[in-house]
Structures are given as structure tokens and as C-alpha cells.
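Novice: Just so it is clear, I am handing over my_file.txt, which has compact mmCIF, C-alpha atoms.
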# COMPACT_ATOMS: atom_id res chain seq x y z
CA MET A 13 21.30 41.39 17.79
CA ILE A 14 22.39 42.35 14.29
CA GLY A 15 26.10 43.16 14.06
CA THR A 16 25.77 46.52 12.36
CA PRO A 17 22.04 47.11 12.14
CA ILE A 18 20.32 49.43 9.72
CA THR A 19 17.33 51.05 11.41
CA THR A 20 14.60 52.03 8.98
CA PRO A 21 12.05 54.58 10.24
CA ILE A 22 8.52 53.22 10.62
CA SER A 23 6.42 55.14 8.11
CA PRO A 24 3.16 54.78 6.14
CA ARG A 25 5.28 53.95 3.07
CA LEU A 26 6.12 50.58 4.66
CA LEU A 27 2.68 49.90 6.11
CA ARG A 28 -0.38 48.48 4.37
CA GLY A 29 -3.88 48.00 5.73
CA ALA A 30 -3.69 50.92 8.19
CA LEU A 31 -5.41 54.23 7.55
CA GLU A 32 -3.31 56.24 9.99
CA LEU A 33 -0.07 55.94 11.93
CA GLU A 34 -0.02 57.68 15.31
CA GLN A 35 3.28 58.64 16.91
CA THR A 36 3.37 57.64 20.59
CA ASP A 37 5.91 58.02 23.38
CA ARG A 38 7.32 54.59 22.52
CA GLY A 39 6.89 54.34 18.75
CA PHE A 40 4.06 54.27 16.24
CA LEU A 41 0.55 52.88 16.63
CA PRO A 42 -1.30 51.77 13.47
CA HIS A 43 -4.98 52.70 13.36
CA ARG A 44 -7.70 51.31 11.10
CA LEU A 45 -9.80 54.44 11.54
CA PRO A 46 -8.57 58.04 11.09
CA ALA A 47 -8.38 60.36 14.10
CA TRP A 48 -11.40 62.45 13.07
CA ALA A 49 -13.56 59.31 13.04
CA ARG A 50 -12.24 58.08 16.39
CA THR A 51 -13.15 61.37 18.05
CA GLN A 52 -16.78 60.99 16.95
CA TYR A 53 -17.36 57.82 18.97
CA ASP A 54 -15.78 57.70 22.41
CA ASP A 55 -16.41 53.99 22.89
CA GLY A 56 -14.00 51.63 24.60
CA GLN A 57 -14.86 48.65 22.42
CA MET A 58 -14.37 50.56 19.18
CA SER A 59 -11.14 52.12 20.46
CA MET A 60 -9.79 48.67 21.25
CA VAL A 61 -10.75 46.90 18.04
CA GLU A 62 -9.83 49.63 15.55
CA SER A 63 -6.32 49.67 17.04
CA GLN A 64 -6.04 45.90 16.69
CA PRO A 65 -4.21 45.64 13.37
CA SER A 66 -6.24 43.01 11.51
CA GLY A 67 -4.86 42.95 7.98
CA VAL A 68 -2.11 45.46 8.79
CA ARG A 69 1.36 44.48 7.66
CA LEU A 70 4.81 45.90 7.04
CA VAL A 71 5.81 45.28 3.41
CA PHE A 72 9.27 46.06 2.04
CA ARG A 73 11.95 45.01 -0.43
CA THR A 74 15.34 44.00 0.93
CA SER A 75 18.30 41.63 0.53
CA ALA A 76 18.61 41.32 4.30
CA THR A 77 19.34 37.96 5.90
CA VAL A 78 18.20 39.17 9.35
CA VAL A 79 15.11 41.22 10.18
CA GLU A 80 14.20 42.48 13.65
CA LEU A 81 10.96 44.18 14.65
CA GLU A 82 10.69 45.76 18.08
CA THR A 83 7.10 46.07 19.29
CA VAL A 84 4.93 46.76 22.32
CA PRO A 85 1.87 44.49 22.16
CA THR A 86 -1.20 44.96 24.36
CA LYS A 87 -2.48 41.74 25.92
CA ARG A 88 -6.04 41.25 27.20
CA ASP A 89 -6.74 39.37 30.42
CA TYR A 90 -10.43 38.54 30.90
CA ILE A 91 -11.28 37.86 34.55
CA GLY A 92 -12.84 34.42 34.91
CA ALA A 93 -12.06 33.36 31.34
CA PRO A 94 -9.26 31.14 30.03
CA PRO A 95 -5.97 32.96 29.30
CA ARG A 96 -5.70 34.28 25.76
CA PRO A 97 -2.80 33.09 23.60
CA ASP A 98 -0.16 35.61 22.55
CA GLY A 99 -0.82 37.33 19.26
CA VAL A 100 0.93 35.87 16.23
CA TYR A 101 3.13 37.70 13.72
CA ASP A 102 3.14 36.02 10.30
CA VAL A 103 6.31 36.56 8.26
CA LEU A 104 6.00 36.05 4.50
CA VAL A 105 8.78 36.11 1.91
CA ASP A 106 7.68 36.59 -1.69
CA GLY A 107 4.16 35.63 -0.66
CA GLN A 108 5.07 32.44 1.21
CA LEU A 109 4.70 32.03 4.98
CA VAL A 110 8.18 31.28 6.34
CA THR A 111 7.75 31.65 10.10
CA GLN A 112 5.40 32.75 12.88
CA LEU A 113 6.51 34.69 15.94
CA THR A 114 4.96 35.84 19.22
CA ALA A 115 5.82 38.56 21.71
CA SER A 116 5.15 37.68 25.33
CA GLY A 117 5.92 41.13 26.78
CA GLY A 118 4.08 44.39 26.44
CA ASP A 119 1.13 46.02 28.19
CA VAL A 120 -1.74 44.10 29.80
CA ILE A 121 -5.37 45.24 29.99
CA THR A 122 -7.43 43.36 32.60
CA ILE A 123 -11.14 43.26 31.74
CA ASP A 124 -14.02 42.26 34.01
CA LEU A 125 -16.62 40.72 31.70
CA MET A 126 -19.38 41.15 34.28
CA THR A 127 -18.88 44.85 35.03
CA GLY A 128 -16.90 46.08 32.02
CA ALA A 129 -14.27 47.58 34.34
CA THR A 130 -10.71 47.68 32.98
CA SER A 131 -7.22 48.35 34.30
CA THR A 132 -3.93 48.61 32.43
CA ARG A 133 -0.42 47.50 33.43
CA ALA A 134 2.42 48.94 31.37
CA GLY A 135 5.06 46.57 30.03
CA GLN A 136 8.29 46.58 28.05
CA PRO A 137 9.03 46.37 24.33
CA GLU A 138 10.04 43.03 22.86
CA THR A 139 12.16 42.29 19.79
CA LEU A 140 11.09 39.70 17.23
CA ARG A 141 13.87 38.25 15.07
CA VAL A 142 13.94 36.42 11.75
CA ALA A 143 17.34 35.11 10.63
CA GLY A 144 18.70 32.89 7.88
CA LEU A 145 16.93 34.62 5.01
CA ALA A 146 18.52 34.37 1.57
CA ALA A 147 20.78 37.33 0.71
CA VAL A 148 18.84 38.11 -2.46
CA PRO A 149 16.29 40.80 -3.30
CA LYS A 150 12.87 39.77 -1.97
CA THR A 151 9.59 41.12 -0.65
CA VAL A 152 9.14 40.66 3.09
CA GLU A 153 5.75 41.02 4.76
CA ILE A 154 5.28 41.08 8.52
CA TRP A 155 1.58 40.71 9.32
CA LEU A 156 0.81 42.10 12.76
CA PRO A 157 -1.43 40.18 15.20
CA HIS A 158 -5.02 40.61 14.05
CA ASP A 159 -6.41 40.70 17.60
CA GLU A 160 -3.66 42.40 19.61
CA THR A 161 -3.01 46.16 19.60
CA THR A 162 0.63 46.60 18.57
CA GLU A 163 2.91 49.62 18.79
CA LEU A 164 5.85 49.53 16.38
CA VAL A 165 9.12 50.72 17.94
CA ALA A 166 11.87 49.90 15.44
CA LEU A 167 12.64 47.94 12.27
CA ARG A 168 16.23 46.74 12.02
CA THR A 169 17.91 44.77 9.22
CA ASP A 170 21.41 43.91 7.98
CA ALA A 171 20.75 45.36 4.52
CA PRO A 172 18.85 48.40 3.24
CA VAL A 173 15.05 48.41 3.07
CA GLU A 174 12.81 50.13 0.54
CA PRO A 175 9.02 50.25 0.14
CA ALA A 176 7.50 47.62 -2.15
CA PRO A 177 5.28 49.01 -4.91
CA VAL A 178 1.55 48.26 -4.81
CA THR A 179 0.71 46.56 -8.10
CA ARG A 180 -2.56 44.78 -7.28
CA ARG A 181 -6.14 45.93 -6.90
CA ILE A 182 -7.10 47.24 -3.46
CA TRP A 183 -10.01 45.44 -1.79
CA LEU A 184 -11.58 47.29 1.14
CA HIS A 185 -13.82 45.15 3.33
CA HIS A 186 -15.97 46.21 6.29
CA GLY A 187 -17.67 43.91 8.76
CA SER A 188 -17.94 42.66 12.33
CA SER A 189 -15.77 40.44 14.53
CA ILE A 190 -16.10 37.61 12.02
CA SER A 191 -14.40 39.81 9.41
CA HIS A 192 -12.01 41.13 12.05
CA GLY A 193 -10.89 37.53 12.59
CA SER A 194 -12.35 36.33 15.89
CA ASN A 195 -11.25 32.74 16.62
CA ALA A 196 -8.76 32.74 13.74
CA THR A 197 -5.37 31.65 15.04
CA HIS A 198 -3.05 33.93 13.05
CA PRO A 199 -3.32 37.12 10.96
CA THR A 200 -3.13 35.57 7.50
CA GLY A 201 -5.68 32.98 8.66
CA THR A 202 -8.65 35.34 8.89
CA TRP A 203 -11.15 34.75 6.10
CA PRO A 204 -10.58 38.18 4.45
CA ALA A 205 -6.79 37.65 4.45
CA LEU A 206 -7.20 34.15 3.02
CA ALA A 207 -9.60 35.37 0.32
CA ALA A 208 -7.29 38.27 -0.58
CA ALA A 209 -4.37 35.86 -0.98
CA GLN A 210 -6.42 33.54 -3.17
CA ALA A 211 -7.66 36.41 -5.34
CA GLY A 212 -4.34 38.27 -5.55
CA VAL A 213 -5.61 41.58 -4.17
CA GLU A 214 -4.40 44.02 -1.51
CA LEU A 215 -6.57 43.89 1.60
CA VAL A 216 -7.75 46.80 3.71
CA ASN A 217 -9.70 45.13 6.52
CA LEU A 218 -12.18 47.40 8.29
CA GLY A 219 -13.77 44.56 10.21
CA PHE A 220 -14.32 45.76 13.78
CA GLY A 221 -15.19 43.24 16.49
CA GLY A 222 -18.56 44.05 18.05
CA SER A 223 -18.62 47.45 16.33
CA SER A 224 -20.34 47.31 12.93
CA TYR A 225 -23.57 49.28 13.32
CA LEU A 226 -23.84 51.25 10.04
CA GLN A 227 -22.10 54.17 11.74
CA PRO A 228 -21.91 57.23 9.46
CA PHE A 229 -18.24 57.86 10.32
CA ILE A 230 -17.35 54.40 8.98
CA ALA A 231 -19.24 55.11 5.76
CA ARG A 232 -17.36 58.40 5.38
CA THR A 233 -14.06 56.64 6.07
CA ILE A 234 -14.80 54.13 3.30
CA ARG A 235 -15.91 56.99 1.03
CA ASP A 236 -12.55 58.73 1.47
CA THR A 237 -10.27 55.66 1.24
CA PRO A 238 -8.86 54.64 -2.16
CA ALA A 239 -10.22 51.24 -3.21
CA ASP A 240 -10.81 49.29 -6.40
CA LEU A 241 -13.28 46.87 -4.77
CA ILE A 242 -15.51 47.35 -1.72
CA SER A 243 -17.51 44.81 0.28
CA LEU A 244 -19.70 45.26 3.35
CA LYS A 245 -20.77 42.39 5.59
CA LEU A 246 -23.71 43.77 7.54
CA GLY A 247 -26.14 42.65 10.18
CA ILE A 248 -24.84 40.56 13.06
CA ASN A 249 -23.73 43.41 15.33
CA ILE A 250 -27.03 45.19 14.80
CA VAL A 251 -28.77 42.14 16.26
CA ASN A 252 -26.08 41.67 18.95
CA SER A 253 -26.67 45.17 20.26
CA ASP A 254 -30.40 45.29 19.63
CA GLY A 255 -29.52 48.73 18.31
CA LEU A 256 -32.03 49.21 15.48
CA ARG A 257 -35.53 48.23 14.51
CA LEU A 258 -36.66 47.31 11.01
CA ARG A 259 -38.08 50.79 10.47
CA SER A 260 -34.69 52.41 11.20
CA LEU A 261 -32.54 49.70 9.58
CA THR A 262 -33.78 50.45 6.07
CA PRO A 263 -32.88 54.17 5.91
CA ALA A 264 -29.61 53.45 7.73
CA VAL A 265 -28.56 50.98 5.02
CA HIS A 266 -29.55 53.42 2.27
CA GLY A 267 -27.64 56.25 3.95
CA PHE A 268 -24.54 54.10 4.43
CA LEU A 269 -24.54 53.12 0.76
CA ASP A 270 -25.29 56.68 -0.39
CA THR A 271 -22.28 58.02 1.52
CA ILE A 272 -19.93 55.40 0.06
CA ARG A 273 -21.23 56.13 -3.43
CA ASP A 274 -20.41 59.82 -2.95
CA GLY A 275 -16.73 58.87 -3.09
CA HIS A 276 -16.89 55.65 -5.12
CA PRO A 277 -19.71 56.17 -7.63
CA ASP A 278 -18.73 53.31 -9.96
CA THR A 279 -16.58 51.03 -7.80
CA PRO A 280 -17.82 47.42 -7.59
CA LEU A 281 -19.68 47.35 -4.26
CA LEU A 282 -20.83 44.10 -2.67
CA VAL A 283 -23.17 43.80 0.31
CA VAL A 284 -23.02 40.47 2.17
CA SER A 285 -25.75 39.47 4.61
CA PRO A 286 -24.94 37.57 7.84
CA ILE A 287 -23.68 34.02 7.85
CA LEU A 288 -25.71 31.50 9.84
CA CYS A 289 -25.76 32.03 13.60
CA PRO A 290 -28.36 29.67 15.09
CA ILE A 291 -28.90 31.59 18.33
CA HIS A 292 -30.01 34.67 16.38
CA GLU A 293 -31.67 33.27 13.28
CA ASN A 294 -35.14 33.76 14.76
CA THR A 295 -34.38 35.23 18.19
CA PRO A 296 -33.64 38.96 18.51
CA GLY A 297 -30.85 40.48 20.55
CA PRO A 298 -29.26 41.62 22.63
CA THR A 299 -26.50 39.02 22.83
CA ASN A 300 -25.10 38.34 26.29
CA TRP A 301 -22.47 36.14 27.85
CA ASP A 302 -23.69 32.65 28.71
CA LEU A 303 -23.15 32.90 32.47
CA SER A 304 -23.30 29.16 33.08
CA ALA A 305 -20.54 28.62 30.54
CA LEU A 306 -18.52 31.49 31.98
CA ALA A 307 -18.77 29.91 35.43
CA ALA A 308 -17.25 26.77 33.91
CA GLY A 309 -14.39 28.79 32.38
CA GLU A 310 -15.80 28.86 28.84
CA LEU A 311 -16.66 31.81 26.60
CA ARG A 312 -20.05 31.32 24.97
CA PHE A 313 -22.87 33.63 23.96
CA THR A 314 -26.65 33.48 24.19
CA ALA A 315 -29.56 35.37 22.62
CA THR A 316 -31.79 37.12 25.15
CA GLY A 317 -34.44 38.83 23.00
CA ASN A 318 -38.12 37.92 22.72
CA PRO A 319 -39.26 36.45 19.36
CA ASP A 320 -42.78 37.71 20.09
CA GLU A 321 -41.48 41.24 19.41
CA ILE A 322 -40.45 40.53 15.81
CA PRO A 323 -43.80 41.78 14.39
CA ALA A 324 -43.15 45.09 16.16
CA GLY A 325 -39.82 45.52 14.36
CA LYS A 326 -37.29 43.60 16.45
CA LEU A 327 -34.48 42.34 14.24
CA THR A 328 -33.18 38.82 13.73
CA LEU A 329 -30.70 37.59 11.16
CA SER A 330 -33.53 36.14 9.06
CA VAL A 331 -35.31 39.50 9.02
CA ILE A 332 -32.12 41.37 8.12
CA ARG A 333 -31.29 39.03 5.24
CA THR A 334 -34.75 39.53 3.74
CA GLU A 335 -34.54 43.31 4.03
CA LEU A 336 -30.99 43.57 2.67
CA ALA A 337 -31.96 41.47 -0.35
CA ARG A 338 -34.94 43.75 -0.98
CA ILE A 339 -32.90 46.96 -0.62
CA LEU A 340 -30.12 45.72 -2.88
CA ALA A 341 -32.54 44.52 -5.57
CA GLN A 342 -34.17 47.94 -5.56
CA ARG A 343 -30.94 49.91 -5.75
CA ALA A 344 -29.34 47.60 -8.34
CA LEU A 345 -31.95 48.76 -10.86
CA THR A 346 -30.06 52.06 -11.14
CA ASP A 347 -26.62 50.94 -9.90
CA PRO A 348 -25.17 48.17 -12.09
CA ASN A 349 -22.00 47.93 -9.96
CA LEU A 350 -23.93 47.15 -6.77
CA HIS A 351 -24.21 43.48 -5.81
CA TYR A 352 -25.66 41.27 -3.07
CA LEU A 353 -24.45 37.97 -1.62
CA ASP A 354 -26.49 35.87 0.78
CA GLY A 355 -24.26 35.07 3.75
CA LEU A 356 -25.81 31.59 4.01
CA LEU A 357 -23.89 30.71 0.85
CA LEU A 358 -20.70 31.27 2.84
CA TYR A 359 -21.80 29.38 5.95
CA GLY A 360 -25.22 27.77 6.24
CA GLU A 361 -27.12 25.08 8.10
CA ALA A 362 -25.18 22.13 6.70
CA ASP A 363 -21.89 23.87 7.53
CA ASN A 364 -23.02 24.42 11.10
CA VAL A 365 -23.45 20.66 11.49
CA ALA A 366 -19.94 19.98 10.21
CA HIS A 367 -18.28 23.09 11.68
CA PRO A 368 -20.31 24.34 14.66
CA LEU A 369 -19.49 27.79 16.00
CA PRO A 370 -17.38 27.05 19.10
CA ASP A 371 -18.77 29.98 21.13
CA ASP A 372 -22.15 30.00 19.32
CA LEU A 373 -21.18 33.22 17.53
CA HIS A 374 -17.76 33.10 15.83
CA PRO A 375 -16.26 30.61 13.34
CA ASP A 376 -13.14 28.65 14.21
CA ALA A 377 -9.93 28.60 12.17
CA ALA A 378 -11.08 25.85 9.79
CA THR A 379 -14.35 27.68 9.17
CA HIS A 380 -12.47 30.88 8.32
CA GLU A 381 -10.83 28.84 5.55
CA LEU A 382 -14.22 27.53 4.41
CA ILE A 383 -15.73 31.03 4.29
CA ALA A 384 -12.70 32.36 2.39
CA ASP A 385 -12.96 29.58 -0.20
CA ARG A 386 -16.69 30.19 -0.68
CA PHE A 387 -16.24 33.97 -0.89
CA THR A 388 -13.52 33.60 -3.53
CA GLN A 389 -15.70 31.22 -5.56
CA HIS A 390 -18.71 33.53 -5.50
CA VAL A 391 -16.99 36.89 -5.77
CA PHE A 392 -13.59 36.71 -7.49
CA THR A 393 -14.30 34.15 -10.23
CA PRO A 394 -14.98 35.28 -13.85
CA LYS A 395 -18.73 35.51 -13.26
CA GLY A 396 -18.38 37.17 -9.87
CA PRO A 397 -18.76 40.89 -9.13
CA PHE A 398 -15.03 41.32 -8.43
CA THR A 399 -13.73 39.59 -11.55
CA ALA A 400 -10.49 41.10 -12.85
How would this structure read if it were set down as C-alpha cells?

Specialist:
Amino acid sequence: MIGTPITTPISPRLLRGALELEQTDRGFLPHRLPAWARTQYDDGQMSMVESQPSGVRLVFRTSATVVELETVPTKRDYIGAPPRPDGVYDVLVDGQLVTQLTASGGDVITIDLMTGATSTRAGQPETLRVAGLAAVPKTVEIWLPHDETTELVALRTDAPVEPAPVTRRIWLHHGSSISHGSNATHPTGTWPALAAAQAGVELVNLGFGGSSYLQPFIARTIRDTPADLISLKLGINIVNSDGLRLRSLTPAVHGFLDTIRDGHPDTPLLVVSPILCPIHENTPGPTNWDLSALAAGELRFTATGNPDEIPAGKLTLSVIRTELARILAQRALTDPNLHYLDGLLLYGEADNVAHPLPDDLHPDAATHELIADRFTQHVFTPKGPFTA
């Protein structure tokens, strides 16, 4: 414990990447969707992933040598699957990663992958501690686990804390579990966090695992959120869920873009099509668990749709890429700040040979780095749509 600790109230002034901070019985819960949007979609998957703080971090200036953060994480225990590792907290000082911490306590949600049934066991808060910092003014960032819901109880230091000013452009990105950070091993290792660090921008990550379906409430959230740059990575969850047909995809994309443009008429806006996913390139959804792999204790996915139904409007990733390119070319004629990026430029067939998707759906940690590097090269360079 700190000898004479200074407790600084958790507040939005210290938090970046969250759109709302909910007060709970134990502390404060960061949300990546506002309350009005959460009430429009009473879905367990969305509730779980929007509360997982991908890209959310505490940022403050201090001369403290000791920093303590008391949290209540929520662990997930999937019946029949290998145990999940504890979520990682990345601690950065003046932009450099200095340590990584984990919290083993907290609540536990047990999930039956076969039935979808869940149960929750309440746990206790845990205190994370960083000591030995230089007693000089510095910017400290504590990135919360990208895949583990985290309530913030208390921030304690041995010197005063003040909010750090935001001086860089704000990049808001929306996407699926790949953008959320599935299979990344720590919060600054997701491809959006890596790309933001390379480009020197402030990230707001609205990547929601298994939950990117062109929902109108997400478009309105983006419309109402301050941003200097906006990107949308669209397509994979639409195939996963088998939720749309080609005839309904097209107006849904137009409506999503129209809503965003209502609030950001001139903001650089980039639409990214899906990266390569061999199981769904030419096979429609839905996506299901690979039961034979699950029986062997592995998490893998399989495509269960019928390719013969593609002429009738069933969607594959190949079909979606073609339609997104057509829509964006059409709209760009009257919207010079609208841009398109083929996701195969971020991860394509050759990359799949060198870096296969370990569960047939999500990239591993090294591939997150590859995608981030490619995204930065295509988007943030002088000829890219997000050039400074």
C-alpha cells in the first residue's frame, strides 16, 4: 500500500476511448456505447462486448512514483473450452510500455457454448500496483484489458494527478471482433491500437466482437461522437450471422453512411471491406462452432451455408467486397472525403499461408501487427486518406 495515498476520483476527464461511465455499487463501469443505444438492443453478446474496454485507458499527468488501480474484472469461463488467460493491463509512461499487469480476482461468468446458458459468480476487487516510477512530471496511461469487462473502483497515487490534454487527432474506428482485438494478447497489441500508436492519433475503438451488423444505433452513436477521422470495417459479422441478403445489404450500407454524414459531413471517412477468411470467401453463413474441434478442447469455427444460394442473394465475403467497392465508387462521386480500402490489402491469400487464422476466423497477435502496419501504410501516409 502507499504510505499516504492520494485517491483521485474516477471521472471521464481521466478516461479516453469510453463513451460513457456508469456508476455501479462498486465503482465505475466504462461503456463503449451510450445508455440510449444499449437500451435499443437487449442482446447478451452486445452487452458483453461493448462493456469490454478495448481501447479504453486512463490517461493522466503526475509526478507519482507509485500508482495503484483497484478494479473488479469479469472473467469468462467457457464450458468445454480451454481456460482463458487473465486480461492484461498495459501501463505506458510517456508513450512507452513499462509494465503489464493482470488481476486474477473479480467476477466470473460461466458460458455454455452449446446452449448459450450463462451464470455469474460475484468476486472481490483486486489492486494493481506500479512502483519505482521516476518522481518527475510524466504522462501515465493504463490501458484496460481489451477483452475483459472491468469496473474501476479507485485510483491511488503518492502525488497529485491531473488530466492530460488531448492534443492529437481523434480516430474513431468501428468493426467486428477483429477490430475489437480477438486473439490479441494485450490491449495495446490490437491492430487499431498499434495503428493509432504508429500514426500518432487518439483511438476510439468501437469494434464489437460478433456485433457489427450495420445497426442504426451504432451509426447514430458515431454521428454524435466527436472525431477527426472515421473508419468502418464492414462485412464479416453480416456473413457470420447470415443476417442480410444482397438486396438488403445495399440500402443498409447507404443508410449507415447517410446517418454518419449527418453529423460528420466533411470528416475523412474510410470504409474497409473484410480481410481474407477462407471459410467464408465463397461459402455463406451462418458461422458455427466446429464441434469436432470443441470436443478436442479447441475453439474453431466453420461455415455452414450453402454456396448454391448465392445467386438468390446469400452473402459471402467475396460478394460483400464487390458490393462495397461499387457503393463507395458511386458515393465518392459526390463525397470527396469518402474512401474505400480493400481488406485483402491488409490480409490476403499469401498472408494466410504465412499467418493462418488459428481458429479459422480471427488473426493471432503477430497478424494484428501485420494488419496494423499495412493499415498505417495505406491510410496514414502522405497519399493516404488520413494524411495529416

Novice: Just give me the gap between CA of Ala143 (chain A) and CA of Leu81 (chain A) in Å, one decimal is fine.

Specialist: 11.8 Å

Novice: Would you pick out the contacts of Val365 (chain A) at 12 Å or less, using only C-alpha atoms, so that residues sharing its chain but fewer than 6 positions from it are not included, and give the list as a PyMOL selection string?

Specialist: chain A and resi 288-290+359+379

Novice: Please report, as CSV, each residue of region 150-173 of chain A lying at most 12 Å from region 218-231 of chain A, together with the nearest pair of atoms and the separation in Å rounded to one decimal; use only C-alpha atoms, and order rows by chain and ascending residue number.

Specialist:
residue,atom,partner,partner_atom,distance
A:His158,CA,A:Gly219,CA,10.3
A:Asp159,CA,A:Gly221,CA,9.2
A:Glu160,CA,A:Gly221,CA,12.0

Novice: For those residues, write C-alpha atoms to a file as a JSON list (two decimals), in the coordinates of the input.

Specialist:
[["chain", "number", "residue", "atom", "x", "y", "z"],
["A", 158, "HIS", "CA", -5.02, 40.61, 14.05],
["A", 159, "ASP", "CA", -6.41, 40.70, 17.60],
["A", 160, "GLU", "CA", -3.66, 42.40, 19.61]]

Novice: Quick one: contact table of region 152-189 of chain A to region 119-141 of chain A, 12 Å max, nearest atom pair and distance in Å to one decimal per residue, counting only C-alpha atoms, chain and number order, as JSON lines?

Specialist:
{"residue": "A:Ile154", "atom": "CA", "partner": "A:Leu140", "partner_atom": "CA", "distance": 10.6}
{"residue": "A:Leu156", "atom": "CA", "partner": "A:Leu140", "partner_atom": "CA", "distance": 11.5}
{"residue": "A:Glu160", "atom": "CA", "partner": "A:Asp119", "partner_atom": "CA", "distance": 10.5}
{"residue": "A:Thr161", "atom": "CA", "partner": "A:Asp119", "partner_atom": "CA", "distance": 9.5}
{"residue": "A:Thr162", "atom": "CA", "partner": "A:Asp119", "partner_atom": "CA", "distance": 9.7}
{"residue": "A:Glu163", "atom": "CA", "partner": "A:Pro137", "partner_atom": "CA", "distance": 8.9}
{"residue": "A:Leu164", "atom": "CA", "partner": "A:Pro137", "partner_atom": "CA", "distance": 9.1}
{"residue": "A:Val165", "atom": "CA", "partner": "A:Pro137", "partner_atom": "CA", "distance": 7.7}
{"residue": "A:Ala166", "atom": "CA", "partner": "A:Thr139", "partner_atom": "CA", "distance": 8.8}
{"residue": "A:Leu167", "atom": "CA", "partner": "A:Thr139", "partner_atom": "CA", "distance": 9.4}
{"residue": "A:Arg168", "atom": "CA", "partner": "A:Arg141", "partner_atom": "CA", "distance": 9.3}
{"residue": "A:Thr169", "atom": "CA", "partner": "A:Arg141", "partner_atom": "CA", "distance": 9.6}
{"residue": "A:Asp170", "atom": "CA", "partner": "A:Arg141", "partner_atom": "CA", "distance": 11.8}

Novice: Could you write those residues out with C-alpha atoms, as a PDB file, in the frame of the given file?

Specialist:
ATOM      1  CA  ILE A 154       5.280  41.080   8.520  1.00  0.00           C
ATOM      2  CA  LEU A 156       0.810  42.100  12.760  1.00  0.00           C
ATOM      3  CA  GLU A 160      -3.660  42.400  19.610  1.00  0.00           C
ATOM      4  CA  THR A 161      -3.010  46.160  19.600  1.00  0.00           C
ATOM      5  CA  THR A 162       0.630  46.600  18.570  1.00  0.00           C
ATOM      6  CA  GLU A 163       2.910  49.620  18.790  1.00  0.00           C
ATOM      7  CA  LEU A 164       5.850  49.530  16.380  1.00  0.00           C
ATOM      8  CA  VAL A 165       9.120  50.720  17.940  1.00  0.00           C
ATOM      9  CA  ALA A 166      11.870  49.900  15.440  1.00  0.00           C
ATOM     10  CA  LEU A 167      12.640  47.940  12.270  1.00  0.00           C
ATOM     11  CA  ARG A 168      16.230  46.740  12.020  1.00  0.00           C
ATOM     12  CA  THR A 169      17.910  44.770   9.220  1.00  0.00           C
ATOM     13  CA  ASP A 170      21.410  43.910   7.980  1.00  0.00           C
TER      14      ASP A 170
END

Novice: For Leu241 (chain A), which of A:Pro204, A:Gly355, A:Pro280, A:Pro375 is the closest residue, counting all atoms listed in the file?

Specialist: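 Looking only at the distances to Leu241 (chain A), the closest residue turns out to be A:Pro280.
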
Novice: Between A:Thr200, A:Thr77, A:Ser253, A:Thr299, which one has atoms that come closest to Gly144 (chain A), using only C-alpha atoms?

Specialist: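 For Gly144 (chain A), the nearest of the given residues is A:Thr77.
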
Novice: For His292 (chain A), find every residue with an atom within 10 Å (counting all atoms listed in the file), except residues of its own chain fewer than 6 positions away, and show them as a short mmCIF file (atom, residue, chain, number, x, y, z; two decimals) with C-alpha atoms, keeping the file's coordinate frame.

Specialist:
data_model
loop_
_atom_site.label_atom_id
_atom_site.label_comp_id
_atom_site.auth_asym_id
_atom_site.auth_seq_id
_atom_site.Cartn_x
_atom_site.Cartn_y
_atom_site.Cartn_z
CA ILE A 248 -24.84 40.56 13.06
CA VAL A 251 -28.77 42.14 16.26
CA ASN A 252 -26.08 41.67 18.95
CA PRO A 298 -29.26 41.62 22.63
CA THR A 299 -26.50 39.02 22.83
CA THR A 314 -26.65 33.48 24.19
CA ALA A 315 -29.56 35.37 22.62
CA THR A 316 -31.79 37.12 25.15
CA GLY A 317 -34.44 38.83 23.00
CA PRO A 319 -39.26 36.45 19.36
CA LEU A 327 -34.48 42.34 14.24
CA THR A 328 -33.18 38.82 13.73
CA LEU A 329 -30.70 37.59 11.16
CA SER A 330 -33.53 36.14 9.06
CA ASP A 372 -22.15 30.00 19.32
CA LEU A 373 -21.18 33.22 17.53
#

Novice: Between CA of Pro46 (chain A) and CA of Thr233 (chain A), what is the distance in Å, rounded to a tenth?

Specialist: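 Here the two named atoms are 7.6 Å from each other.
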
Novice: Smallest atom-to-atom distance to Ser260 (chain A): which of A:Lys326, A:Arg333, A:Lys87, A:Arg338, using only C-alpha atoms?

Specialist: A:Lys326
